[in-house]
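Novice: So that you have it, the file is coords17.tsv, and it contains TSV, C-alpha atoms:
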chain	number	residue	atom	x	y	z
A	29	MET	CA	0.00	0.00	0.00
A	30	ALA	CA	1.35	3.47	-0.95
A	31	PHE	CA	1.24	6.30	1.63
A	32	THR	CA	0.81	9.92	0.59
A	33	ARG	CA	0.97	13.18	2.49
A	34	ALA	CA	-0.80	16.47	1.84
A	35	THR	CA	1.45	19.45	1.22
A	36	GLY	CA	0.81	23.05	2.36
A	37	LYS	CA	0.67	26.24	0.28
A	38	HIS	CA	4.42	26.41	-0.29
A	39	ARG	CA	5.38	22.91	0.93
A	40	ARG	CA	7.82	21.18	-1.28
A	41	PRO	CA	8.83	17.51	-1.32
A	42	SER	CA	11.23	16.42	1.39
A	43	ARG	CA	14.91	16.26	0.66
A	44	SER	CA	14.89	12.47	0.70
A	45	ALA	CA	12.06	12.36	-1.80
A	46	ARG	CA	13.79	14.85	-4.07
A	47	THR	CA	17.06	12.96	-3.76
A	48	THR	CA	15.33	9.71	-4.74
A	49	ARG	CA	13.80	11.40	-7.79
A	50	ASN	CA	17.08	13.02	-8.75
A	51	ILE	CA	18.88	9.65	-8.50
A	52	ALA	CA	16.22	8.03	-10.62
A	53	GLY	CA	16.48	10.79	-13.16
A	54	ILE	CA	20.22	10.65	-13.29
A	55	ALA	CA	20.13	6.87	-13.60
A	56	THR	CA	17.86	7.24	-16.57
A	57	LEU	CA	20.23	9.78	-18.09
A	58	ALA	CA	23.14	7.38	-17.48
A	59	ALA	CA	21.31	4.51	-19.16
A	60	SER	CA	20.68	6.65	-22.22
A	61	GLY	CA	24.26	7.84	-22.44
A	62	VAL	CA	23.56	11.44	-21.39
A	63	MET	CA	25.23	10.88	-18.02
A	64	ALA	CA	28.55	11.34	-19.70
A	65	SER	CA	28.02	15.10	-19.60
A	66	VAL	CA	27.48	15.06	-15.82
A	67	ALA	CA	29.88	12.32	-14.61
A	68	SER	CA	33.63	12.51	-14.43
A	69	PRO	CA	35.91	11.91	-17.49
A	70	ALA	CA	36.61	8.41	-16.25
A	71	MET	CA	32.95	7.52	-16.49
A	72	ALA	CA	32.68	9.09	-19.95
A	73	ALA	CA	35.55	6.85	-21.04
A	74	GLY	CA	33.62	3.78	-19.94
A	75	THR	CA	35.53	2.92	-16.75
A	76	ASP	CA	33.94	0.45	-14.41
A	77	ASP	CA	35.36	2.05	-11.28
A	78	ALA	CA	32.41	1.98	-8.86
A	79	SER	CA	33.84	4.66	-6.60
A	80	LEU	CA	34.10	7.18	-9.48
A	81	HIS	CA	30.59	6.33	-10.62
A	82	ASP	CA	29.27	6.80	-7.10
A	83	THR	CA	31.10	10.12	-6.64
A	84	GLY	CA	29.76	11.56	-9.87
A	85	LEU	CA	26.23	10.46	-9.13
A	86	ARG	CA	26.26	11.98	-5.63
A	87	GLN	CA	27.70	15.21	-7.02
A	88	ALA	CA	24.88	15.41	-9.56
A	89	VAL	CA	22.29	14.75	-6.85
A	90	ALA	CA	23.78	17.53	-4.66
A	91	ILE	CA	23.75	20.00	-7.55
A	92	GLY	CA	20.16	19.07	-8.33
A	93	ASP	CA	19.08	19.55	-4.70
A	94	GLU	CA	20.78	22.95	-4.45
A	95	LEU	CA	19.18	24.11	-7.69
A	96	ALA	CA	15.76	22.90	-6.52
A	97	ASP	CA	16.21	24.70	-3.19
A	98	ASN	CA	17.12	27.95	-4.99
A	99	LEU	CA	14.15	27.72	-7.33
A	100	THR	CA	11.78	26.98	-4.46
A	101	ALA	CA	13.13	29.91	-2.42
A	102	GLN	CA	12.72	32.22	-5.40
A	103	ALA	CA	9.16	31.02	-5.97
A	104	ASP	CA	8.35	31.53	-2.28
A	105	ALA	CA	9.80	35.06	-2.30
A	106	GLN	CA	7.90	35.95	-5.47
A	107	GLN	CA	4.68	34.60	-3.98
A	108	GLU	CA	5.18	36.56	-0.75
A	109	ALA	CA	5.96	39.75	-2.71
A	110	ALA	CA	2.84	39.29	-4.82
A	111	GLU	CA	0.67	38.76	-1.75
A	112	ALA	CA	2.18	41.83	-0.02
A	113	ALA	CA	1.58	43.96	-3.12
A	114	ALA	CA	-2.00	42.74	-3.37
A	115	ALA	CA	-2.59	43.47	0.32
A	116	GLN	CA	-1.13	46.97	-0.02
A	117	ALA	CA	-3.24	47.70	-3.11
A	118	LYS	CA	-6.37	46.53	-1.28
A	119	ALA	CA	-5.54	48.68	1.75
A	120	GLU	CA	-4.93	51.73	-0.45
A	121	GLN	CA	-8.22	51.17	-2.27
A	122	GLN	CA	-10.11	50.87	1.01
A	123	ALA	CA	-8.42	54.02	2.35
A	124	LEU	CA	-9.34	55.91	-0.81
A	125	LYS	CA	-12.93	54.72	-0.53
A	126	ARG	CA	-13.11	55.84	3.11
A	127	ALA	CA	-11.65	59.23	2.21
A	128	GLU	CA	-14.16	59.71	-0.61
A	129	GLU	CA	-17.04	58.76	1.70
A	130	ALA	CA	-15.81	61.16	4.38
A	131	LYS	CA	-15.53	63.94	1.78
A	132	ARG	CA	-19.04	63.23	0.50
A	133	LYS	CA	-20.49	63.36	4.02
A	134	ALA	CA	-18.60	66.58	4.78
A	135	GLU	CA	-19.93	68.19	1.60
A	136	GLU	CA	-23.48	67.08	2.41
A	137	LYS	CA	-23.19	68.50	5.93
A	138	ALA	CA	-21.77	71.76	4.62
A	139	LYS	CA	-24.64	72.00	2.12
A	140	LYS	CA	-27.26	71.33	4.82
A	141	ASP	CA	-25.65	73.88	7.14
A	142	ARG	CA	-25.57	76.45	4.33
A	143	GLU	CA	-29.22	75.81	3.45
A	144	ALA	CA	-30.21	76.04	7.12
A	145	LYS	CA	-28.43	79.39	7.45
A	146	GLU	CA	-30.09	80.68	4.28
A	147	ARG	CA	-33.52	79.61	5.56
A	148	ALA	CA	-32.85	81.27	8.90
A	149	ALA	CA	-31.72	84.47	7.16
A	150	ARG	CA	-34.82	84.50	4.95
A	151	GLU	CA	-37.07	83.93	7.95
A	152	GLU	CA	-35.32	86.70	9.87
A	153	GLU	CA	-35.73	89.05	6.93
A	154	ARG	CA	-39.39	88.10	6.56
A	155	LYS	CA	-39.99	88.82	10.24
A	156	ARG	CA	-38.13	92.10	10.00
A	157	LEU	CA	-40.13	93.22	6.97
A	158	ASN	CA	-43.41	92.24	8.62
A	159	ALA	CA	-42.56	93.76	11.98
A	160	PHE	CA	-44.28	96.92	13.24
A	161	VAL	CA	-43.10	99.44	15.83
A	162	ALA	CA	-44.51	102.53	17.51
A	163	PRO	CA	-43.87	105.80	15.64
A	164	ILE	CA	-42.38	107.42	18.76
A	165	ASP	CA	-40.28	105.45	21.26
A	166	GLY	CA	-41.57	105.45	24.84
A	167	SER	CA	-44.47	107.78	24.08
A	168	TYR	CA	-48.21	107.61	24.67
A	169	VAL	CA	-51.42	108.72	22.99
A	170	SER	CA	-52.33	112.24	24.19
A	171	THR	CA	-55.41	112.69	21.97
A	172	GLN	CA	-57.63	109.76	21.02
A	173	TYR	CA	-59.04	108.79	17.65
A	174	LYS	CA	-62.40	110.43	16.79
A	175	ALA	CA	-62.11	112.94	19.63
A	176	SER	CA	-64.55	115.84	19.01
A	177	SER	CA	-63.30	119.42	18.76
A	178	GLY	CA	-63.68	122.54	16.66
A	179	LEU	CA	-59.95	122.36	16.01
A	180	TRP	CA	-60.56	119.89	13.18
A	181	SER	CA	-62.45	120.72	10.02
A	182	SER	CA	-64.27	117.37	10.07
A	183	GLY	CA	-65.35	117.95	13.66
A	184	SER	CA	-63.46	114.90	14.94
A	185	HIS	CA	-59.91	113.68	15.14
A	186	THR	CA	-58.96	111.52	12.13
A	187	GLY	CA	-55.90	110.08	13.84
A	188	VAL	CA	-54.16	110.02	17.21
A	189	ASP	CA	-51.62	112.38	18.73
A	190	PHE	CA	-48.45	110.96	20.29
A	191	HIS	CA	-46.84	113.06	22.95
A	192	ALA	CA	-43.46	114.33	21.71
A	193	GLY	CA	-41.33	117.39	22.09
A	194	SER	CA	-40.07	119.17	18.99
A	195	GLY	CA	-37.16	117.34	17.38
A	196	THR	CA	-38.08	113.84	18.61
A	197	THR	CA	-37.21	111.02	16.18
A	198	VAL	CA	-40.19	109.72	14.20
A	199	HIS	CA	-40.04	106.12	12.92
A	200	ALA	CA	-41.79	104.37	10.06
A	201	VAL	CA	-44.10	101.93	11.82
A	202	GLY	CA	-43.49	99.24	9.20
A	203	ALA	CA	-41.96	98.48	5.81
A	204	GLY	CA	-43.28	100.39	2.82
A	205	THR	CA	-42.71	103.05	0.18
A	206	VAL	CA	-42.96	106.82	0.66
A	207	VAL	CA	-45.75	108.28	-1.52
A	208	GLU	CA	-45.81	111.79	-0.04
A	209	ALA	CA	-43.13	113.88	1.69
A	210	GLY	CA	-43.61	117.61	2.13
A	211	TRP	CA	-46.15	120.25	3.05
A	212	GLY	CA	-49.64	118.90	3.76
A	213	GLY	CA	-51.73	121.97	4.60
A	214	ALA	CA	-53.28	121.65	8.08
A	215	TYR	CA	-50.96	118.68	8.70
A	216	GLY	CA	-47.93	120.90	8.20
A	217	ASN	CA	-44.87	118.98	7.06
A	218	ASN	CA	-46.05	115.39	6.63
A	219	VAL	CA	-45.03	111.97	5.30
A	220	VAL	CA	-47.39	109.33	3.86
A	221	ILE	CA	-46.16	105.75	3.43
A	222	LYS	CA	-47.82	102.95	1.48
A	223	MET	CA	-47.26	99.92	3.66
A	224	ASN	CA	-46.38	96.48	2.26
A	225	ASP	CA	-49.80	95.18	3.31
A	226	GLY	CA	-51.55	97.79	1.12
A	227	THR	CA	-52.58	100.18	3.90
A	228	TYR	CA	-51.23	103.72	4.39
A	229	THR	CA	-49.78	105.57	7.38
A	230	GLN	CA	-49.44	109.34	7.81
A	231	TYR	CA	-47.10	111.35	10.06
A	232	GLY	CA	-47.96	115.06	10.56
A	233	HIS	CA	-46.76	118.37	12.09
A	234	LEU	CA	-43.11	117.44	11.47
A	235	SER	CA	-40.27	119.87	12.03
A	236	SER	CA	-38.10	118.19	9.37
A	237	ILE	CA	-38.34	115.31	6.88
A	238	SER	CA	-35.52	112.84	6.10
A	239	VAL	CA	-37.09	110.73	3.31
A	240	GLN	CA	-38.35	111.40	-0.19
A	241	VAL	CA	-41.09	110.11	-2.48
A	242	GLY	CA	-40.32	106.66	-3.93
A	243	GLN	CA	-37.95	105.71	-1.14
A	244	THR	CA	-38.34	102.31	0.50
A	245	VAL	CA	-38.34	102.37	4.29
A	246	MET	CA	-37.95	99.64	6.91
A	247	PRO	CA	-39.69	99.17	10.26
A	248	GLY	CA	-38.18	101.56	12.85
A	249	GLN	CA	-36.31	103.62	10.26
A	250	GLN	CA	-36.12	107.34	11.02
A	251	ILE	CA	-38.23	109.33	8.57
A	252	ALA	CA	-38.55	112.71	10.30
A	253	LEU	CA	-38.41	114.79	13.48
A	254	SER	CA	-41.54	115.81	15.32
A	255	GLY	CA	-42.63	119.46	15.52
A	256	ASP	CA	-45.62	121.82	15.54
A	257	THR	CA	-45.98	122.82	11.86
A	258	GLY	CA	-49.47	123.25	10.37
A	259	ASN	CA	-52.69	123.49	12.41
A	260	THR	CA	-51.49	122.64	15.92
A	261	THR	CA	-51.50	123.99	19.45
A	262	GLY	CA	-48.05	122.65	20.29
A	263	PRO	CA	-45.40	120.08	19.31
A	264	HIS	CA	-46.57	116.48	18.96
A	265	LEU	CA	-46.87	113.76	16.30
A	266	HIS	CA	-50.15	113.30	14.49
A	267	PHE	CA	-50.41	109.68	13.28
A	268	GLU	CA	-53.07	108.26	10.98
A	269	ALA	CA	-53.79	104.84	9.46
A	270	ARG	CA	-55.70	104.82	6.16
A	271	THR	CA	-57.06	102.46	3.54
A	272	SER	CA	-55.89	104.86	0.78
A	273	PRO	CA	-53.53	107.85	0.59
A	274	ASP	CA	-56.47	110.25	0.62
A	275	TYR	CA	-57.99	112.21	3.48
A	276	GLY	CA	-61.19	110.62	4.78
A	277	SER	CA	-60.10	106.97	4.43
A	278	ASP	CA	-58.86	106.85	8.00
A	279	ILE	CA	-59.20	103.80	10.29
A	280	ASP	CA	-58.56	103.45	14.02
A	281	PRO	CA	-54.73	103.86	14.28
A	282	VAL	CA	-54.46	102.29	17.75
A	283	ALA	CA	-56.38	99.19	16.66
A	284	TYR	CA	-54.22	99.14	13.51
A	285	LEU	CA	-50.96	99.15	15.46
A	286	ARG	CA	-52.20	96.60	17.98
A	287	SER	CA	-53.27	94.24	15.15
A	288	HIS	CA	-49.63	94.29	14.08
A	289	GLY	CA	-48.30	93.51	17.55
A	290	VAL	CA	-47.50	97.04	18.74
A	291	ASN	CA	-48.37	97.71	22.37
A	292	VAL	CA	-49.89	101.21	22.56
Could you render the structure from this file as structure tokens?
Specialist:
Amino acid sequence: MAFTRATGKHRRPSRSARTTRNIAGIATLAASGVMASVASPAMAAGTDDASLHDTGLRQAVAIGDELADNLTAQADAQQEAAEAAAAQAKAEQQALKRAEEAKRKAEEKAKKDREAKERAAREEERKRLNAFVAPIDGSYVSTQYKASSGLWSSGSHTGVDFHAGSGTTVHAVGAGTVVEAGWGGAYGNNVVIKMNDGTYTQYGHLSSISVQVGQTVMPGQQIALSGDTGNTTGPHLHFEARTSPDYGSDIDPVAYLRSHGVNV
């Protein structure tokens, strides 16, 4: 019965097995006459000296073993180099893939952050444009809407008066466009603004005006200084809210401001 043995990835035949094969191969070469090129001159000449024959054969076996060992070592080194190169290439590819994924995620995050900032800025601008403020800081209404008096040609007050000394800053109550800026008869120096919601606001008895027709104004922007020009008994700000730029289209200015979140 023949016995065999499994070999590993780089396992080569044992030295004894290789020696046996080499001897068999050399014997075959000797039988065919080729051995003359490997053996000593005495063998090539046909001598029967057993010691010379044995010496030549052992020398050939030794040379064959050394050559086989060198070839096997070279094959093993080449295999190891190939495996190392493959492992390095795989590691580099994986590193490149991880870097690309990290870059993609960073770009996505940057895009989301940028979009979030833009949305926040737009929302802030929307709130700012829709915001309303009082026309005079820290003031109060000194004369109510629709108050009756012979001082007014209509017999009643078409707006409200805010207490203010001459030269007090007057603000646009909201965003809009100036449609009138100048002398307004009984209103004295006055400004009329078309608001972004389509209503109109008027500011009267001004001592000076700092805006002009066609100019866009923002909530809280200074448009004038209060005074006592026109039909007045003293410095104050006359404020009206209207549905059109014309006299007689007035609405309750306090209710108007409160509907836009202004506490008056």
Novice: Could you tell me how far atom CA of Ala144 of chain A lies from atom CA of Arg132 of chain A, in Å and to one decimal?
Specialist: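 Going from atom CA of Ala144 of chain A over to atom CA of Arg132 of chain A covers 18.2 Å.
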Novice: In Å, with one decimal, what is the gap from atom CA of Gln250 of chain A to atom CA of Asp225 of chain A?
Specialist: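 Rounded to one decimal, the two atoms are 19.9 Å apart.
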Novice: Please measure the separation of atom CA of Val201 of chain A and atom CA of Pro263 of chain A, giving the value in Å to one decimal.
Specialist: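 We find that atom CA of Val201 of chain A and atom CA of Pro263 of chain A lie 19.7 Å from each other.
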Novice: Which neighbours of Ile279 of chain A fall inside 9 Å, counting all atoms listed in the file, when residues of the same chain fewer than 5 positions from it are skipped, and could you give them as a short mmCIF file (atom, residue, chain, number, x, y, z; two decimals) with C-alpha atoms, in the frame of the given file?
Specialist:
data_model
loop_
_atom_site.label_atom_id
_atom_site.label_comp_id
_atom_site.auth_asym_id
_atom_site.auth_seq_id
_atom_site.Cartn_x
_atom_site.Cartn_y
_atom_site.Cartn_z
CA TYR A 173 -59.04 108.79 17.65
CA THR A 186 -58.96 111.52 12.13
CA GLY A 187 -55.90 110.08 13.84
CA GLU A 268 -53.07 108.26 10.98
CA ALA A 269 -53.79 104.84 9.46
CA ARG A 270 -55.70 104.82 6.16
CA THR A 271 -57.06 102.46 3.54
CA TYR A 284 -54.22 99.14 13.51
#
Novice: Considering only C-alpha atoms, state which residue in the set A:Asn218, A:Ser194, A:Thr227, A:Asn98 is at the smallest distance from Gly262 of chain A.
Specialist: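 Smallest distance to Gly262 of chain A is found for A:Ser194.
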Novice: For Ala192 of chain A, which residue out of A:Asp256, A:Asp141, A:Glu108, A:Asp280 is the nearest one, using all atoms listed in the file?
Specialist: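 Checking each candidate against Ala192 of chain A, we get A:Asp256 as the closest.
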Novice: Considering all atoms listed in the file, state which residue in the set A:Gly202, A:Pro163, A:Val207, A:Gly232 is at the smallest distance from Val245 of chain A.
Specialist: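 For Val245 of chain A, the nearest of the given residues is A:Gly202.
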Novice: I need every residue sitting at most 10 Å from the point (-42.5, 111.3, 9.1) (coordinates as in the file, all atoms listed in the file considered), written as number ranges by chain.
Specialist: A: 163, 197-201, 206, 208-210, 217-221, 229-239, 249-254, 265-267
Novice: Counting only C-alpha atoms, figure out which residue out of A:Ala159, A:Gly216, A:Arg154, A:Phe190 gets nearest to Thr260 of chain A.
Specialist: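 Of A:Ala159, A:Gly216, A:Arg154, A:Phe190, the one nearest Thr260 of chain A is A:Gly216, counting only C-alpha atoms.
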